[in-house]
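Below: the structure, in structure tokens.
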Amino acid sequence: MSREFQPRKKTPMMRGIMACLIGAFSLASIDVALAQKHPKPGDNSAKAAPDAIAAQNAPLNPQVAIHMADDYFNTARVMTADFVQVGADGRRSEGKLYVVKPGRLRFEYALPATMEIIADGVSVAIRDRKLKSQQLYFISQTPLKFLLQDKINLAKDVKVTNVSSTGKSVIITIEDKSTFGGTSTIKLDFDRKDFTLQKWEVTDPQGYDTLVSLHNIDLATVPDLKLFRIPPTSLWPSLN
């Protein structure tokens, strides 16, 4: 299949798709990393004391937070999950996500949406099954590149602009200036108690915000690798 990579203006759905992709890999490493870093229920060290509560409410060292985020990103290799996306216009969409690192993922939007996005390790295809249209990008043109790679080092791969924390959450804000269209800003919101990612907010170069969340995460099942093949545009599936 001949591929032409041409920058195109992002539609609201495309902006939402890019934001959804960014968050997918953040949740992929959650269970294994947390099992190593946090005490099990019943551990005496986990019992709250006044001094411990005060320490939990104190600001978290930014370098520690970034290190925990790196560990979180780098643990899991596969993922299947349900996703929910809320765009800048308030529209809600949902679907299924499949991931195999490095480089491969697939978002399938549930009806009535007709979009899907596939990364095969080299290219990213944004496809509309109803319109039978497809837009191709190199991974390096998208905010996906540092999340699709084998290992992530936030301090080196992107610009960390802010780390803030409260008694309940840790927020890490990063920027990527090398994506198509300009700078994307990603705000990752972690639950401070167990460092699980609660949500993320992506602001694209045009200033549009998208919120994304994942549910029913499966970190054990390896998705069928056929899901990550970008089909020829001559072979469009029926929506019936």
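As shown in the structure tokens, the chain order sets the letters A, B, ...; within each chain, residues go from 1, and ligands are also counted from 1 in the order they appear.
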Within 6 Å of segment 77-79 of chain A using only C-alpha atoms, minus same-chain residues under 6 positions, as a list in words =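 My reading of the contact set: Ala28, Tyr98, Val99, Val100, Lys101, Asp218, Leu219 and Val222 of chain A.
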Backbone DSSP call of helix (DSSP H, G or I) for segment 52-197 of chain A, listed as a PyMOL selection string | chain A and resi 52-57+62-74+139-141+145-148+154-157
Tell me which protein, DNA and RNA residues are within 7 Å of Leu214 of chain A, counting only C-alpha atoms, leaving out same-chain ones fewer than 3 positions away, and put them as a list in words.
-> Ala81, Asp82, Phe83 and Val84 of chain A
Residues from last step as file, N, CA, C and O atoms, as a PDB file, in the first residue's frame:
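Now in result.pdb:
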```pdb
ATOM      1  N   ALA A  81      -8.322  -2.185  27.442  1.00  0.00           N
ATOM      2  CA  ALA A  81      -9.116  -1.367  28.354  1.00  0.00           C
ATOM      3  C   ALA A  81     -10.291  -0.741  27.616  1.00  0.00           C
ATOM      4  O   ALA A  81     -10.296  -0.625  26.391  1.00  0.00           O
ATOM      5  N   ASP A  82     -11.319  -0.336  28.403  1.00  0.00           N
ATOM      6  CA  ASP A  82     -12.385   0.518  27.895  1.00  0.00           C
ATOM      7  C   ASP A  82     -11.981   1.965  28.150  1.00  0.00           C
ATOM      8  O   ASP A  82     -11.352   2.267  29.169  1.00  0.00           O
ATOM      9  N   PHE A  83     -12.341   2.869  27.230  1.00  0.00           N
ATOM     10  CA  PHE A  83     -12.005   4.270  27.441  1.00  0.00           C
ATOM     11  C   PHE A  83     -13.236   5.162  27.288  1.00  0.00           C
ATOM     12  O   PHE A  83     -14.189   4.827  26.583  1.00  0.00           O
ATOM     13  N   VAL A  84     -13.195   6.283  27.984  1.00  0.00           N
ATOM     14  CA  VAL A  84     -14.215   7.319  27.882  1.00  0.00           C
ATOM     15  C   VAL A  84     -13.499   8.636  27.625  1.00  0.00           C
ATOM     16  O   VAL A  84     -12.522   8.968  28.302  1.00  0.00           O
TER      17      VAL A  84
END
```
Quote the spacing between atom CA of Thr185 of chain A and atom CA of Arg92 of chain A in Å to one decimal place.
->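 If I compute the distance from atom CA of Thr185 of chain A to atom CA of Arg92 of chain A, I get 20.9 Å.
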For Ala69 of chain A, which of A:Pro205, A:Thr233, A:Ile152, A:Leu227 is the closest residue, counting only C-alpha atoms?
->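 For Ala69 of chain A, the nearest of the candidates is A:Ile152.
Minimum distance to Arg106 of chain A across A:Ile230, A:Val202, A:Leu235, A:Ile172 (counting only C-alpha atoms) occurs at A:Ile230.
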Please list as a compact mmCIF listing (two decimals) with all heavy atoms, in the first residue's frame every residue within 7 Å of Gln85 of chain A, counting only C-alpha atoms and excluding residues in the same chain fewer than 3 positions away.
```txt
# COMPACT_ATOMS: atom_id res chain seq x y z
N CYS A 20 -6.64 10.98 23.60
CA CYS A 20 -6.94 9.65 24.13
C CYS A 20 -5.70 8.77 24.05
O CYS A 20 -5.39 8.01 24.97
CB CYS A 20 -8.08 9.03 23.33
SG CYS A 20 -9.02 7.78 24.23
N ARG A 92 -19.25 13.31 24.59
CA ARG A 92 -18.69 12.12 25.22
C ARG A 92 -18.67 10.97 24.22
O ARG A 92 -19.65 10.75 23.50
CB ARG A 92 -19.55 11.73 26.44
CG ARG A 92 -19.18 10.42 27.12
CD ARG A 92 -20.25 10.07 28.14
NE ARG A 92 -20.08 8.75 28.71
CZ ARG A 92 -19.54 8.50 29.90
NH1 ARG A 92 -19.12 9.51 30.65
NH2 ARG A 92 -19.42 7.27 30.34
N SER A 93 -17.56 10.26 24.17
CA SER A 93 -17.45 9.08 23.32
C SER A 93 -16.70 8.02 24.09
O SER A 93 -16.02 8.30 25.07
CB SER A 93 -16.75 9.41 22.00
OG SER A 93 -15.50 10.03 22.23
N GLU A 94 -16.84 6.78 23.64
CA GLU A 94 -16.19 5.69 24.34
C GLU A 94 -15.85 4.58 23.37
O GLU A 94 -16.25 4.61 22.20
CB GLU A 94 -17.08 5.15 25.46
CG GLU A 94 -18.47 4.74 25.01
CD GLU A 94 -19.37 4.43 26.21
OE1 GLU A 94 -19.69 5.35 26.98
OE2 GLU A 94 -19.74 3.24 26.35
N LEU A 211 -10.46 15.57 28.06
CA LEU A 211 -10.30 14.73 29.24
C LEU A 211 -10.50 13.27 28.85
O LEU A 211 -11.41 12.95 28.09
CB LEU A 211 -11.30 15.11 30.32
CG LEU A 211 -11.11 16.46 30.99
CD1 LEU A 211 -12.29 16.76 31.91
CD2 LEU A 211 -9.81 16.52 31.76
N VAL A 212 -9.67 12.39 29.41
CA VAL A 212 -9.72 10.97 29.06
C VAL A 212 -9.60 10.13 30.32
O VAL A 212 -8.85 10.46 31.22
CB VAL A 212 -8.59 10.60 28.09
CG1 VAL A 212 -8.66 9.12 27.72
CG2 VAL A 212 -8.62 11.46 26.84
N SER A 213 -10.36 9.02 30.37
CA SER A 213 -10.23 8.07 31.46
C SER A 213 -10.34 6.66 30.91
O SER A 213 -10.94 6.42 29.86
CB SER A 213 -11.30 8.30 32.53
OG SER A 213 -12.59 8.16 31.97
```
Nearest candidate to Phe138 of chain A (options A:Ile66, A:His215, A:Ser164, A:Ile126; using only C-alpha atoms) =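 Closest candidate: A:Ile126.
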Could you please determine the separation between atom CA of Asp191 of chain A and atom CA of Gly167 of chain A in Å, to one decimal place?
-> 9.3 Å
If you run DSSP on the backbone, which residues of segment 85-207 of chain A are strand (DSSP E), as a ChimeraX atom specification?
-> /A:85-86,92-100,104-109,115-120,123-128,133-138,159-165,169-179,182-191,196-203
What does the file look like for those residues with C-alpha atoms, as a PDB file, in the first residue's frame?
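Below is the file that was written, selection_35.pdb:
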```pdb
ATOM      1  CA  GLN A  85     -13.353  10.635  26.251  1.00  0.00           C
ATOM      2  CA  VAL A  86     -14.902  14.070  26.800  1.00  0.00           C
ATOM      3  CA  ARG A  92     -18.692  12.116  25.222  1.00  0.00           C
ATOM      4  CA  SER A  93     -17.454   9.082  23.323  1.00  0.00           C
ATOM      5  CA  GLU A  94     -16.188   5.689  24.341  1.00  0.00           C
ATOM      6  CA  GLY A  95     -14.707   2.505  22.975  1.00  0.00           C
ATOM      7  CA  LYS A  96     -11.974  -0.106  23.303  1.00  0.00           C
ATOM      8  CA  LEU A  97      -8.201   0.254  23.511  1.00  0.00           C
ATOM      9  CA  TYR A  98      -5.508  -2.332  22.723  1.00  0.00           C
ATOM     10  CA  VAL A  99      -1.770  -1.831  23.333  1.00  0.00           C
ATOM     11  CA  VAL A 100       1.402  -3.817  22.713  1.00  0.00           C
ATOM     12  CA  ARG A 104       1.522  -0.644  18.560  1.00  0.00           C
ATOM     13  CA  LEU A 105      -1.958   0.354  19.650  1.00  0.00           C
ATOM     14  CA  ARG A 106      -5.535   0.488  18.440  1.00  0.00           C
ATOM     15  CA  PHE A 107      -8.477   2.657  19.512  1.00  0.00           C
ATOM     16  CA  GLU A 108     -11.915   1.524  18.365  1.00  0.00           C
ATOM     17  CA  TYR A 109     -14.648   4.070  18.999  1.00  0.00           C
ATOM     18  CA  MET A 115     -13.501   6.430  14.027  1.00  0.00           C
ATOM     19  CA  GLU A 116     -10.568   4.163  14.752  1.00  0.00           C
ATOM     20  CA  ILE A 117      -6.878   4.807  15.113  1.00  0.00           C
ATOM     21  CA  ILE A 118      -4.108   2.288  14.548  1.00  0.00           C
ATOM     22  CA  ALA A 119      -0.379   2.519  15.230  1.00  0.00           C
ATOM     23  CA  ASP A 120       1.619  -0.318  13.643  1.00  0.00           C
ATOM     24  CA  SER A 123       2.811   4.881  11.212  1.00  0.00           C
ATOM     25  CA  VAL A 124      -0.384   6.167  12.832  1.00  0.00           C
ATOM     26  CA  ALA A 125      -3.602   5.920  10.816  1.00  0.00           C
ATOM     27  CA  ILE A 126      -6.737   7.880  11.727  1.00  0.00           C
ATOM     28  CA  ARG A 127      -9.612   6.163   9.951  1.00  0.00           C
ATOM     29  CA  ASP A 128     -13.299   6.971   9.517  1.00  0.00           C
ATOM     30  CA  SER A 133     -11.241   8.055   4.729  1.00  0.00           C
ATOM     31  CA  GLN A 134      -7.805   7.620   6.230  1.00  0.00           C
ATOM     32  CA  GLN A 135      -5.109  10.052   7.332  1.00  0.00           C
ATOM     33  CA  LEU A 136      -1.572   8.791   7.919  1.00  0.00           C
ATOM     34  CA  TYR A 137       1.129  10.298  10.109  1.00  0.00           C
ATOM     35  CA  PHE A 138       4.594   9.257  11.127  1.00  0.00           C
ATOM     36  CA  LYS A 159       9.701  19.166  29.031  1.00  0.00           C
ATOM     37  CA  VAL A 160       8.301  18.883  32.550  1.00  0.00           C
ATOM     38  CA  THR A 161       6.869  22.326  33.265  1.00  0.00           C
ATOM     39  CA  ASN A 162       5.314  21.783  36.680  1.00  0.00           C
ATOM     40  CA  VAL A 163       4.894  19.248  39.474  1.00  0.00           C
ATOM     41  CA  SER A 164       2.355  20.012  42.191  1.00  0.00           C
ATOM     42  CA  SER A 165       0.839  17.929  44.963  1.00  0.00           C
ATOM     43  CA  SER A 169      -3.233  14.122  44.196  1.00  0.00           C
ATOM     44  CA  VAL A 170       0.009  14.684  42.310  1.00  0.00           C
ATOM     45  CA  ILE A 171      -0.154  16.608  39.038  1.00  0.00           C
ATOM     46  CA  ILE A 172       2.690  16.446  36.531  1.00  0.00           C
ATOM     47  CA  THR A 173       2.450  18.845  33.582  1.00  0.00           C
ATOM     48  CA  ILE A 174       4.560  18.194  30.492  1.00  0.00           C
ATOM     49  CA  GLU A 175       5.041  19.850  27.099  1.00  0.00           C
ATOM     50  CA  ASP A 176       6.074  18.457  23.740  1.00  0.00           C
ATOM     51  CA  LYS A 177       7.067  21.084  21.185  1.00  0.00           C
ATOM     52  CA  SER A 178       8.034  18.768  18.352  1.00  0.00           C
ATOM     53  CA  THR A 179       4.596  17.436  17.409  1.00  0.00           C
ATOM     54  CA  GLY A 182       2.926  23.039  17.658  1.00  0.00           C
ATOM     55  CA  THR A 183       3.167  22.442  21.387  1.00  0.00           C
ATOM     56  CA  SER A 184       0.906  19.975  23.187  1.00  0.00           C
ATOM     57  CA  THR A 185       0.456  20.217  26.962  1.00  0.00           C
ATOM     58  CA  ILE A 186      -0.460  17.140  28.999  1.00  0.00           C
ATOM     59  CA  LYS A 187      -1.561  17.347  32.633  1.00  0.00           C
ATOM     60  CA  LEU A 188      -1.325  13.960  34.382  1.00  0.00           C
ATOM     61  CA  ASP A 189      -3.315  13.706  37.613  1.00  0.00           C
ATOM     62  CA  PHE A 190      -2.247  10.863  39.947  1.00  0.00           C
ATOM     63  CA  ASP A 191      -3.904   9.666  43.130  1.00  0.00           C
ATOM     64  CA  THR A 196      -2.675   5.565  40.177  1.00  0.00           C
ATOM     65  CA  LEU A 197      -3.472   7.864  37.288  1.00  0.00           C
ATOM     66  CA  GLN A 198      -6.922   9.339  37.912  1.00  0.00           C
ATOM     67  CA  LYS A 199      -7.264  11.375  34.736  1.00  0.00           C
ATOM     68  CA  TRP A 200      -5.344  13.401  32.215  1.00  0.00           C
ATOM     69  CA  GLU A 201      -6.095  16.620  30.410  1.00  0.00           C
ATOM     70  CA  VAL A 202      -4.551  17.385  27.058  1.00  0.00           C
ATOM     71  CA  THR A 203      -4.385  20.898  25.608  1.00  0.00           C
TER      72      THR A 203
END
```
